[in-house]
Amino acid sequence: MTTVIVIPVYNEAKVIGQVIEDVKDHGFPHIIVVDDGSADESWCVASAHDVLALRLKVNRGKGAAVKTGIMAANLLGADVVVTMDGDGQHNPADIKPLITPILEGKSDVVLGSRLLHREEMPWVKMIANSIGNLFTWLFYGLLVSDSQSGFRAYSRYAALIIDTKADKYEYDSKVIREIKNNRLRFTEVSVHTRYTDYSKGKKNKQGFLNGLVTLYRMLWKMIA
Amino acid sequence: MKIHLYQVIVVAISSVMLYLGIKEFVNRETGQTLLKLFVRLAVWGGMALIAIYPDFTLVIARIMGVVDNFNAVVLMGFLMVFLMLFKLLSAIEKIEQNVSEITRKEALHTAHERIEEMRKEIKAQQGRNALCTSQQQNISPRKQDD
């Protein structure tokens with residue numbers, strides 16, 4: 001079974017090299033880095049690390065970058081696709097537990113959940129995530145413990161069948177809808193998040209205001 | 001019953017929007033959910049209902065406390081602005097999706113050679129893994145025999 005790791009990045013030149021090396025050190029050499037129109041050297045740094053480095057010339061959002069990476073993984077013939085953030089928050093040691101239910105044939109999608117280890121998460125983020133979970137449940141009818149986590153694993157079948165037009169942060173919630181609509185088998189696995197000064201200080205992270213924008217976009221797509 | 005022009009226009013627009021919504025849902029197009037269909041039926045169906053039975057607004061107006069003609073005009077203005085915004089935002093969203101699609105295709109096209117190279121690498125690895133698995137399966141029964 002070949003596992004391909006998809007890492008969307010936006011202005012992560014400082015850390016993406018280390019993230020790639022960490023993932024490789026954990027035994028996953030097949031990596032796709034999708035640069036979402038970064039203004040810095042993210043793409044150049046990724047290209048220098050023997051990975052498939054894709055570059056979206058215009059910034060289209062996290063969802064668009066992840067979708068591009070998954071499409072590329074499908075072209076490569078990946079058996080399992082793992083998506084993880086490019087800022088180093090996700091621990092590559094969690095990839096193995098994440099893909100195990102798929103390798104065992106028990107699940108089509110595995111959601112990495114940060115909320116199963118609540119003590120590690122800042123309380124503001126915890127509240128925001130709970131609100132996100134609530135609205136995801138209201139809109140898409142599936143209650144999960146961490147609807148906004150980008151650390152996920154997909155079987156080949158799931159990677160091919162999941163289709164959403166969401167380009168921004170609402171992509172993560174839309175995947176939940178796809179799981180329900182396509183009746184995919186899913187499970188949640190606890191993952192550890194490394195909240196570093198770098199990741200906390202990022203301007204383009206899913207903060208409170210971005211959360212509101214995401215909510216608006218989810219609402220808008222209900223009527224448009 | 002006298003039919004006004006605005007009634008024909010509102011009913012026509014609502015009918016088109018309802019038709020599109022139902023068609024997209026029946027065809028199971030991406031992003032079409034039952035909830036979305038219900039919301040569409042409520043919004044556009046409600047507008048059509050009010051256009052066909054304008055007196056229905058009086059009942060709502062009495063309940064909500066909006067009773068004079070001026071308020072009704074303002075309300076109609078809001079509805080028109082809402083309609084324009086709705087169409088504009090829908091068009092912008094469609095354009096955004098097209099931009100994403102073009103950007104994605106361009107990125108994949110540019111990396112075509114590298115993708116092909118990596119695909120061969122992965123295929124070779126999958127072949128080696130399959131070979132190892134079959135060899136292990138052949139060895140295991142012999143061990144049991146020993």
# chains A, B, ... in the order shown; residues from 1 in each chain; ligands from 1

call {"tool": "interface_residues", "arguments": {"of": "chain B", "to": "chain A", "cutoff": "10 Å", "atoms": "only C-alpha atoms", "output": "number ranges by chain"}}
result
B: 17, 21, 30-44, 86-87, 89-91, 93-94, 96-112, 114-123, 125-126, 129-130

call {"tool": "write_last_selection", "arguments": {"atoms": "C-alpha atoms", "output": "mmCIF file, in the first residue's frame"}}
result
data_model
loop_
_atom_site.group_PDB
_atom_site.id
_atom_site.type_symbol
_atom_site.label_atom_id
_atom_site.label_comp_id
_atom_site.auth_asym_id
_atom_site.auth_seq_id
_atom_site.Cartn_x
_atom_site.Cartn_y
_atom_site.Cartn_z
ATOM 1 C CA MET B 17 -34.712 29.633 -9.643
ATOM 2 C CA GLY B 21 -32.673 24.222 -7.709
ATOM 3 C CA THR B 30 -22.090 18.694 -6.381
ATOM 4 C CA GLY B 31 -23.124 20.709 -3.344
ATOM 5 C CA GLN B 32 -26.836 19.963 -3.605
ATOM 6 C CA THR B 33 -28.311 18.844 -0.308
ATOM 7 C CA LEU B 34 -31.867 18.349 0.873
ATOM 8 C CA LEU B 35 -31.461 21.236 3.316
ATOM 9 C CA LYS B 36 -30.280 23.509 0.516
ATOM 10 C CA LEU B 37 -33.282 22.496 -1.567
ATOM 11 C CA PHE B 38 -35.622 23.301 1.336
ATOM 12 C CA VAL B 39 -33.995 26.709 1.834
ATOM 13 C CA ARG B 40 -34.335 27.450 -1.866
ATOM 14 C CA LEU B 41 -37.979 26.353 -1.846
ATOM 15 C CA ALA B 42 -38.636 28.554 1.187
ATOM 16 C CA VAL B 43 -36.882 31.677 -0.218
ATOM 17 C CA TRP B 44 -37.997 31.549 -3.851
ATOM 18 C CA PHE B 86 -27.997 37.049 -4.970
ATOM 19 C CA LYS B 87 -27.295 36.944 -8.692
ATOM 20 C CA LEU B 89 -22.640 36.858 -5.628
ATOM 21 C CA SER B 90 -23.631 33.672 -7.456
ATOM 22 C CA ALA B 91 -21.854 34.936 -10.580
ATOM 23 C CA GLU B 93 -18.681 32.490 -6.935
ATOM 24 C CA LYS B 94 -18.962 30.757 -10.292
ATOM 25 C CA GLU B 96 -13.998 32.032 -8.509
ATOM 26 C CA GLN B 97 -14.599 28.325 -9.031
ATOM 27 C CA ASN B 98 -13.528 28.645 -12.657
ATOM 28 C CA VAL B 99 -10.341 30.479 -11.632
ATOM 29 C CA SER B 100 -9.547 27.704 -9.130
ATOM 30 C CA GLU B 101 -10.126 25.048 -11.772
ATOM 31 C CA ILE B 102 -7.909 26.793 -14.323
ATOM 32 C CA THR B 103 -5.177 27.385 -11.709
ATOM 33 C CA ARG B 104 -5.341 23.715 -10.652
ATOM 34 C CA LYS B 105 -5.157 22.412 -14.220
ATOM 35 C CA GLU B 106 -2.233 24.698 -14.958
ATOM 36 C CA ALA B 107 -0.347 23.507 -11.839
ATOM 37 C CA LEU B 108 -0.895 19.834 -12.713
ATOM 38 C CA HIS B 109 -0.002 20.413 -16.356
ATOM 39 C CA THR B 110 3.248 22.196 -15.450
ATOM 40 C CA ALA B 111 4.295 19.320 -13.177
ATOM 41 C CA HIS B 112 3.218 16.664 -15.676
ATOM 42 C CA ARG B 114 7.480 15.021 -12.464
ATOM 43 C CA ILE B 115 4.072 13.408 -11.831
ATOM 44 C CA GLU B 116 4.785 10.769 -14.491
ATOM 45 C CA GLU B 117 8.254 10.115 -13.011
ATOM 46 C CA MET B 118 6.833 9.726 -9.494
ATOM 47 C CA ARG B 119 3.958 7.568 -10.758
ATOM 48 C CA LYS B 120 6.462 5.107 -12.269
ATOM 49 C CA GLU B 121 8.451 5.097 -8.996
ATOM 50 C CA ILE B 122 5.310 4.321 -6.985
ATOM 51 C CA LYS B 123 4.183 1.669 -9.460
ATOM 52 C CA GLN B 125 7.385 0.063 -5.434
ATOM 53 C CA GLN B 126 3.856 -1.356 -5.481
ATOM 54 C CA ASN B 129 5.616 -4.940 -2.383
ATOM 55 C CA ALA B 130 3.271 -7.321 -4.185
#

call {"tool": "select_by_dssp", "arguments": {"residues": "segment 162-206 of chain A", "states": "helix (DSSP H, G or I)", "output": "list in words"}}
result
Tyr171, Asp172, Ser173, Lys174, Val175, Ile176, Arg177, Glu178, Ile179, Lys180, Asn181, Asp197, Tyr198, Ser199 and Lys200 of chain A

call {"tool": "residues_around", "arguments": {"residues": "segment 54-56 of chain B", "least_positions_apart": "5", "cutoff": "12 Å", "atoms": "only C-alpha atoms", "output": "MDAnalysis selection string"}}
result
chainID B and resid 1:4 6:7 10:11 46:49 61:63 67 72 76

call {"tool": "write_last_selection", "arguments": {"atoms": "N, CA and C atoms", "output": "PDB file, in the first residue's frame"}}
result
ATOM      1  N   MET B   1     -59.613  38.846 -11.181  1.00  0.00           N
ATOM      2  CA  MET B   1     -58.433  39.317 -10.448  1.00  0.00           C
ATOM      3  C   MET B   1     -57.444  40.002 -11.406  1.00  0.00           C
ATOM      4  N   LYS B   2     -57.018  41.212 -11.042  1.00  0.00           N
ATOM      5  CA  LYS B   2     -56.102  41.940 -11.919  1.00  0.00           C
ATOM      6  C   LYS B   2     -54.652  41.505 -11.653  1.00  0.00           C
ATOM      7  N   ILE B   3     -53.957  41.178 -12.751  1.00  0.00           N
ATOM      8  CA  ILE B   3     -52.556  40.746 -12.585  1.00  0.00           C
ATOM      9  C   ILE B   3     -51.625  41.916 -12.909  1.00  0.00           C
ATOM     10  N   HIS B   4     -50.697  42.225 -11.982  1.00  0.00           N
ATOM     11  CA  HIS B   4     -49.736  43.306 -12.189  1.00  0.00           C
ATOM     12  C   HIS B   4     -48.455  42.761 -12.816  1.00  0.00           C
ATOM     13  N   TYR B   6     -45.354  43.321 -11.952  1.00  0.00           N
ATOM     14  CA  TYR B   6     -44.351  42.836 -10.992  1.00  0.00           C
ATOM     15  C   TYR B   6     -44.635  41.391 -10.574  1.00  0.00           C
ATOM     16  N   GLN B   7     -45.944  41.030 -10.537  1.00  0.00           N
ATOM     17  CA  GLN B   7     -46.306  39.666 -10.142  1.00  0.00           C
ATOM     18  C   GLN B   7     -45.774  38.660 -11.168  1.00  0.00           C
ATOM     19  N   VAL B  10     -41.842  38.527 -10.819  1.00  0.00           N
ATOM     20  CA  VAL B  10     -41.393  37.790  -9.625  1.00  0.00           C
ATOM     21  C   VAL B  10     -41.672  36.298  -9.771  1.00  0.00           C
ATOM     22  N   VAL B  11     -42.875  35.970 -10.274  1.00  0.00           N
ATOM     23  CA  VAL B  11     -43.225  34.548 -10.433  1.00  0.00           C
ATOM     24  C   VAL B  11     -42.296  33.888 -11.467  1.00  0.00           C
ATOM     25  N   GLY B  46     -41.443  31.349  -1.320  1.00  0.00           N
ATOM     26  CA  GLY B  46     -42.065  32.406  -0.522  1.00  0.00           C
ATOM     27  C   GLY B  46     -42.272  33.667  -1.347  1.00  0.00           C
ATOM     28  N   MET B  47     -41.261  34.009  -2.156  1.00  0.00           N
ATOM     29  CA  MET B  47     -41.379  35.211  -3.012  1.00  0.00           C
ATOM     30  C   MET B  47     -42.503  35.024  -4.035  1.00  0.00           C
ATOM     31  N   ALA B  48     -42.575  33.827  -4.619  1.00  0.00           N
ATOM     32  CA  ALA B  48     -43.625  33.556  -5.611  1.00  0.00           C
ATOM     33  C   ALA B  48     -44.994  33.600  -4.948  1.00  0.00           C
ATOM     34  N   LEU B  49     -45.078  33.034  -3.763  1.00  0.00           N
ATOM     35  CA  LEU B  49     -46.354  33.001  -3.027  1.00  0.00           C
ATOM     36  C   LEU B  49     -46.850  34.411  -2.739  1.00  0.00           C
ATOM     37  N   ALA B  61     -47.635  41.459   7.613  1.00  0.00           N
ATOM     38  CA  ALA B  61     -47.435  42.837   8.056  1.00  0.00           C
ATOM     39  C   ALA B  61     -48.121  43.093   9.396  1.00  0.00           C
ATOM     40  N   ARG B  62     -49.344  42.549   9.530  1.00  0.00           N
ATOM     41  CA  ARG B  62     -50.069  42.742  10.800  1.00  0.00           C
ATOM     42  C   ARG B  62     -49.318  42.055  11.950  1.00  0.00           C
ATOM     43  N   ILE B  63     -48.844  40.856  11.632  1.00  0.00           N
ATOM     44  CA  ILE B  63     -48.121  40.105  12.678  1.00  0.00           C
ATOM     45  C   ILE B  63     -46.845  40.854  13.070  1.00  0.00           C
ATOM     46  N   VAL B  67     -47.438  48.116   8.500  1.00  0.00           N
ATOM     47  CA  VAL B  67     -48.811  48.230   7.982  1.00  0.00           C
ATOM     48  C   VAL B  67     -49.019  49.214   6.843  1.00  0.00           C
ATOM     49  N   ALA B  72     -44.223  48.948   2.627  1.00  0.00           N
ATOM     50  CA  ALA B  72     -44.326  47.891   1.614  1.00  0.00           C
ATOM     51  C   ALA B  72     -43.370  48.183   0.454  1.00  0.00           C
ATOM     52  N   MET B  76     -40.243  45.997  -0.796  1.00  0.00           N
ATOM     53  CA  MET B  76     -40.049  45.543  -2.182  1.00  0.00           C
ATOM     54  C   MET B  76     -38.639  45.910  -2.661  1.00  0.00           C
TER      55      MET B  76
END

call {"tool": "closest_residue", "arguments": {"among": "A:Leu184, A:Leu160, A:Val191, A:Ile20", "to": "Asp108 of chain A", "atoms": "only C-alpha atoms"}}
result
A:Leu184

call {"tool": "residues_around", "arguments": {"residues": "Pro101 of chain A", "least_positions_apart": "2", "cutoff": "10 Å", "atoms": "only C-alpha atoms", "output": "ChimeraX atom specification"}}
result
/A:96-99,103-110,153,155,186-189

call {"tool": "write_last_selection", "arguments": {"atoms": "N, CA and C atoms", "output": "CSV table (one decimal), in the first residue's frame"}}
result
chain,number,residue,atom,x,y,z
A,96,LYS,N,1.0,7.2,11.0
A,96,LYS,CA,0.7,5.7,11.1
A,96,LYS,C,-0.6,5.4,11.8
A,97,PRO,N,-0.9,5.9,13.0
A,97,PRO,CA,-2.2,5.6,13.6
A,97,PRO,C,-3.3,6.1,12.7
A,98,LEU,N,-3.1,7.1,12.0
A,98,LEU,CA,-4.1,7.7,11.1
A,98,LEU,C,-4.5,6.8,9.9
A,99,ILE,N,-3.5,6.2,9.4
A,99,ILE,CA,-3.7,5.4,8.2
A,99,ILE,C,-4.1,3.9,8.5
A,103,LEU,N,-5.7,0.9,6.2
A,103,LEU,CA,-4.9,-0.3,5.8
A,103,LEU,C,-5.5,-1.6,6.2
A,104,GLU,N,-6.2,-1.5,7.3
A,104,GLU,CA,-6.9,-2.7,7.8
A,104,GLU,C,-8.3,-2.9,7.1
A,105,GLY,N,-8.6,-1.9,6.3
A,105,GLY,CA,-9.9,-2.0,5.5
A,105,GLY,C,-11.1,-1.7,6.4
A,106,LYS,N,-10.9,-1.0,7.5
A,106,LYS,CA,-12.1,-0.7,8.4
A,106,LYS,C,-12.7,0.6,8.1
A,107,SER,N,-12.0,1.5,7.4
A,107,SER,CA,-12.5,2.9,7.2
A,107,SER,C,-12.1,3.4,5.8
A,108,ASP,N,-12.9,4.3,5.3
A,108,ASP,CA,-12.6,5.0,4.0
A,108,ASP,C,-11.9,6.3,4.3
A,109,VAL,N,-12.3,6.9,5.4
A,109,VAL,CA,-11.8,8.2,5.8
A,109,VAL,C,-11.4,8.2,7.3
A,110,VAL,N,-10.3,8.7,7.7
A,110,VAL,CA,-9.9,8.8,9.1
A,110,VAL,C,-9.7,10.3,9.4
A,153,ALA,N,-6.9,11.2,6.7
A,153,ALA,CA,-6.4,10.2,5.7
A,153,ALA,C,-7.6,9.6,4.9
A,155,SER,N,-8.9,6.7,1.9
A,155,SER,CA,-8.6,5.6,1.0
A,155,SER,C,-8.6,6.0,-0.4
A,186,PHE,N,-16.1,6.1,8.3
A,186,PHE,CA,-15.1,7.0,8.8
A,186,PHE,C,-14.9,6.7,10.3
A,187,THR,N,-13.7,7.1,10.7
A,187,THR,CA,-13.4,7.0,12.2
A,187,THR,C,-12.6,8.2,12.6
A,188,GLU,N,-12.5,8.4,13.9
A,188,GLU,CA,-11.7,9.5,14.4
A,188,GLU,C,-10.5,9.0,15.2
A,189,VAL,N,-9.4,9.6,15.0
A,189,VAL,CA,-8.2,9.1,15.7
A,189,VAL,C,-7.6,10.4,16.4

call {"tool": "select_by_dssp", "arguments": {"residues": "segment 2-94 of chain A", "states": "strand (DSSP E or B)", "output": "PyMOL selection string"}}
result
chain A and resi 3-9+31-36+52-56+80-83+90

call {"tool": "residues_around", "arguments": {"residues": "segment 127-137 of chain A", "least_positions_apart": "6", "cutoff": "7 Å", "atoms": "only C-alpha atoms", "output": "list in words"}}
result
Leu143, Val144, Ser145, Asp146, Ser147, Gln148 and Ser173 of chain A

call {"tool": "atom_distance", "arguments": {"atom1": "atom CA of Val16 of chain B", "atom2": "atom CA of Val81 of chain B"}}
result
18.1 Å
